[in-house]
Structures are given as structure tokens and as C-alpha cells.
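**Q** Just dropping this structure here.
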Amino acid sequence: AQSVAQPEDQVNVAEGNPLTVKCTYSVSGNPYLFWYVQYPNRGLQFLLKYITGDNLVKGSYGFEAEFNKSQTSFHLKKPSALVSDSALYFCAVRDGAGGFKTIFGAGTRLFVKA
Amino acid sequence: AAGVIQSPRHLIKEKRETATLKCYPIPRHDTVYWYQQGPGQDPQFLISFYEKMQSDKGSIPDRFSAQQFSDYHSELNMSSLELGDSALYFCASSLGLAGGETQYFGPGTRLLVL
């Protein structure tokens, strides 16, 4: 069965500093990996995804993520954090071996301090 | 650009009542997904439809049913509501169902069961 873990409930960074939000996954086939962001009382907004190809994926708002097959990780990164990046971030995985169920991680709350 | 539309945005029901949530996907999208997000929790996959047929089923209670209509909109019917059904219900849509397609989320319907 597929699963995804976000080991940190909360990440605190200062504005202008780099940020990393961690995600590890488990699937039986090839993984399809996604990052979404959720602002208060809003729906989830798509940031980026990894399907195949280059391990470094660039997405919206300056975010990027690196797929690491050996470590089964897909960490979200941004070189310079903004206060407006403060939100709840969800990693999600789909198992390429079959089924179309998307499993979300528990979410990581990012606080960026000015 | 057109987004996923969900109605109503807010709904208050009493225990044992029924509720119907509606989802209008992005134009030309043929796949619809339903998720339930409890307070402080990650979205839980309920059910999905591709070309008006159920494509996958998650943790959807037997009291709930859903369908996708000929115009691709979807409805989630919830009967015998329980207090624990209080949550944010998201609909998402995508084009195709190959595994790597991006799901675009609606703003959600907040259901409160009293």
C-alpha cells in the first residue's frame, strides 16, 4: 500500500533564508509525487509534481523539489522564503502500479518570520 | 481561467439529515475526485469518477454515495449524517486518468452537523 510521511508538523524560517519541507513516500510501483499548498479556509493549490525525467522539478512561486529514488524522498525547497509563503503544505503520492487513489501526508505548517 | 466550482460553500445540517454537495469541474476535465478534510487533518480520498464511471474508491462510508453526470459535474450524497461528518469536503478535477495528471481543487464545502 502506498503511504507518504511528512516528519515535521511545523517548520520555522526567517524571511530570506532557504526553506525545506520534507516528504518521504512508499509505493510498490513508480511514484507520482505532488506538492500542494493550503491557505486558511481555502482549497489546495498545486505547486509542482514529479512524474518522470529530471529529478529536480521546478514549480509555482519559486518552489522546487528534488526526487530522490534511493532515499524515497521528495523534499520541497525554496532558496529564499517570503512571509507570504506561510501556509500548510501537503505532499501527496500516487502509486504508478495501479489505482488512482491519491494519498496525502499529514501536512507541514510553514511559518516565515519577517 | 475557470476553476472548480463547489456548492454550497457552507452547509449546516442536523444529525440524521441528508446533504448533497455539488461539484462542477474545470471545463473539458473528465475526472472528478472527492476528499474529506477533518479539522487539522490531511485530505482523505473518498471516491473518484472518470468519464461518468467510478474509477476508484477510498474511505467513503456506506452512507455516502456519489455520481458523475453527463455534463461531468458530480454530486456527493450524504445520508444519516453524523457529528463526525463535520468537515471540509473538497472536489478536484483533472483531464484524463493516467496517474500523473494534476488535480485542481475547488474551494471546498464546509459541512457542520449539529
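Ligands are numbered from 1 in the order shown, chains are lettered A, B, ... in the order of the C-alpha cells, and residues start at 1 in each chain.
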Mind dumping a table of every chain B residue within 7 Å of chain A, with the nearest atom pair and its distance in Å to one decimal, using only C-alpha atoms, sorted by chain and rising number, as a tab-separated table?
**A**
```
residue	atom	partner	partner_atom	distance
B:Gln41	CA	A:Ala106	CA	6.4
B:Asp42	CA	A:Ala106	CA	5.0
B:Pro43	CA	A:Phe104	CA	6.4
B:Phe45	CA	A:Thr102	CA	6.7
B:Asp56	CA	A:Phe100	CA	6.2
B:Gly99	CA	A:Phe100	CA	6.1
B:Gly100	CA	A:Tyr32	CA	5.8
B:Tyr104	CA	A:Phe46	CA	6.9
B:Phe105	CA	A:Leu44	CA	5.7
B:Gly106	CA	A:Gly43	CA	5.7
B:Pro107	CA	A:Gly43	CA	4.3
B:Gly108	CA	A:Gly43	CA	6.0
```
**Q** Please give the complete set of residues from chain B that DSSP, run on the backbone, assigns to strand (DSSP E or B), formatted as a VMD selection string.
**A** chain B and resid 5 to 7 10 to 13 19 to 24 31 to 37 44 to 50 53 to 57 64 to 68 74 to 78 87 to 94 104 to 105 109 to 113
**Q** In Å, rounded to a single decimal, give me how far atom CA of A:Lys58 is from atom CA of B:Ser93.
**A**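 Taking atom CA of B:Ser93 and atom CA of A:Lys58, their separation equals 22.2 Å.
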**Q** Quick one: pull the distance between atom CA of A:Gln10 and atom CA of A:Thr24, Å, one decimal.
**A**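 Atom-to-atom, atom CA of A:Gln10 to atom CA of A:Thr24, that is 15.7 Å.
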**Q** Got a sec: who's within 10 Å of stretch 8-25 of chain B, counting only C-alpha atoms, leaving out chain neighbours fewer than 2 positions off, as a VMD selection string?
**A** chain B and resid 2 to 6 27 to 34 63 to 66 68 71 to 86 88 to 95 104 to 114
**Q** Could you make a table, as a Markdown table, of the residues of stretch 57-107 of chain A that have an atom within 9 Å of an atom of stretch 16-22 of chain A, each with its nearest atom pair and distance in Å to one decimal, counting only C-alpha atoms, in chain and number order?
**A**
```
| residue | atom | partner | partner_atom | distance |
| --- | --- | --- | --- | --- |
| A:Ser73 | CA | A:Lys22 | CA | 7.6 |
| A:Phe74 | CA | A:Lys22 | CA | 7.0 |
| A:His75 | CA | A:Lys22 | CA | 4.5 |
| A:Leu76 | CA | A:Val21 | CA | 5.0 |
| A:Lys77 | CA | A:Thr20 | CA | 4.5 |
| A:Lys78 | CA | A:Leu19 | CA | 5.4 |
| A:Pro79 | CA | A:Pro18 | CA | 4.3 |
| A:Ser80 | CA | A:Gly16 | CA | 4.5 |
| A:Ala81 | CA | A:Gly16 | CA | 5.0 |
| A:Leu82 | CA | A:Gly16 | CA | 6.4 |
| A:Val83 | CA | A:Gly16 | CA | 8.9 |
| A:Tyr89 | CA | A:Val21 | CA | 8.0 |
| A:Cys91 | CA | A:Lys22 | CA | 8.6 |
```
**Q** Go ahead and save the residues from that selection, with N, CA and C atoms, as an mmCIF file, in the first residue's frame.
**A**
```
data_model
loop_
_atom_site.group_PDB
_atom_site.id
_atom_site.type_symbol
_atom_site.label_atom_id
_atom_site.label_comp_id
_atom_site.auth_asym_id
_atom_site.auth_seq_id
_atom_site.Cartn_x
_atom_site.Cartn_y
_atom_site.Cartn_z
ATOM 1 N N SER A 73 12.486 10.074 -1.246
ATOM 2 C CA SER A 73 12.116 11.381 -0.717
ATOM 3 C C SER A 73 11.764 12.338 -1.840
ATOM 4 N N PHE A 74 11.028 13.358 -1.481
ATOM 5 C CA PHE A 74 10.607 14.388 -2.427
ATOM 6 C C PHE A 74 10.459 15.676 -1.642
ATOM 7 N N HIS A 75 11.579 16.228 -1.191
ATOM 8 C CA HIS A 75 11.570 17.405 -0.326
ATOM 9 C C HIS A 75 11.292 18.676 -1.132
ATOM 10 N N LEU A 76 10.498 19.544 -0.562
ATOM 11 C CA LEU A 76 10.148 20.823 -1.173
ATOM 12 C C LEU A 76 11.142 21.876 -0.701
ATOM 13 N N LYS A 77 11.603 22.703 -1.639
ATOM 14 C CA LYS A 77 12.615 23.689 -1.281
ATOM 15 C C LYS A 77 12.315 25.033 -1.943
ATOM 16 N N LYS A 78 12.863 26.070 -1.313
ATOM 17 C CA LYS A 78 12.809 27.401 -1.910
ATOM 18 C C LYS A 78 14.042 28.144 -1.440
ATOM 19 N N PRO A 79 14.777 28.777 -2.337
ATOM 20 C CA PRO A 79 16.053 29.395 -1.959
ATOM 21 C C PRO A 79 15.902 30.565 -0.979
ATOM 22 N N SER A 80 14.790 31.306 -1.096
ATOM 23 C CA SER A 80 14.622 32.490 -0.264
ATOM 24 C C SER A 80 13.146 32.609 0.132
ATOM 25 N N ALA A 81 12.859 32.379 1.402
ATOM 26 C CA ALA A 81 11.466 32.343 1.861
ATOM 27 C C ALA A 81 10.874 33.748 1.977
ATOM 28 N N LEU A 82 9.572 33.819 1.725
ATOM 29 C CA LEU A 82 8.803 35.048 1.889
ATOM 30 C C LEU A 82 7.779 34.854 2.999
ATOM 31 N N VAL A 83 7.427 35.942 3.662
ATOM 32 C CA VAL A 83 6.398 35.853 4.705
ATOM 33 C C VAL A 83 5.106 35.276 4.119
ATOM 34 N N TYR A 89 1.499 22.941 3.949
ATOM 35 C CA TYR A 89 1.996 22.281 2.750
ATOM 36 C C TYR A 89 1.756 20.778 2.848
ATOM 37 N N CYS A 91 2.320 17.044 0.926
ATOM 38 C CA CYS A 91 2.928 16.170 -0.056
ATOM 39 C C CYS A 91 1.922 15.067 -0.368
#
```
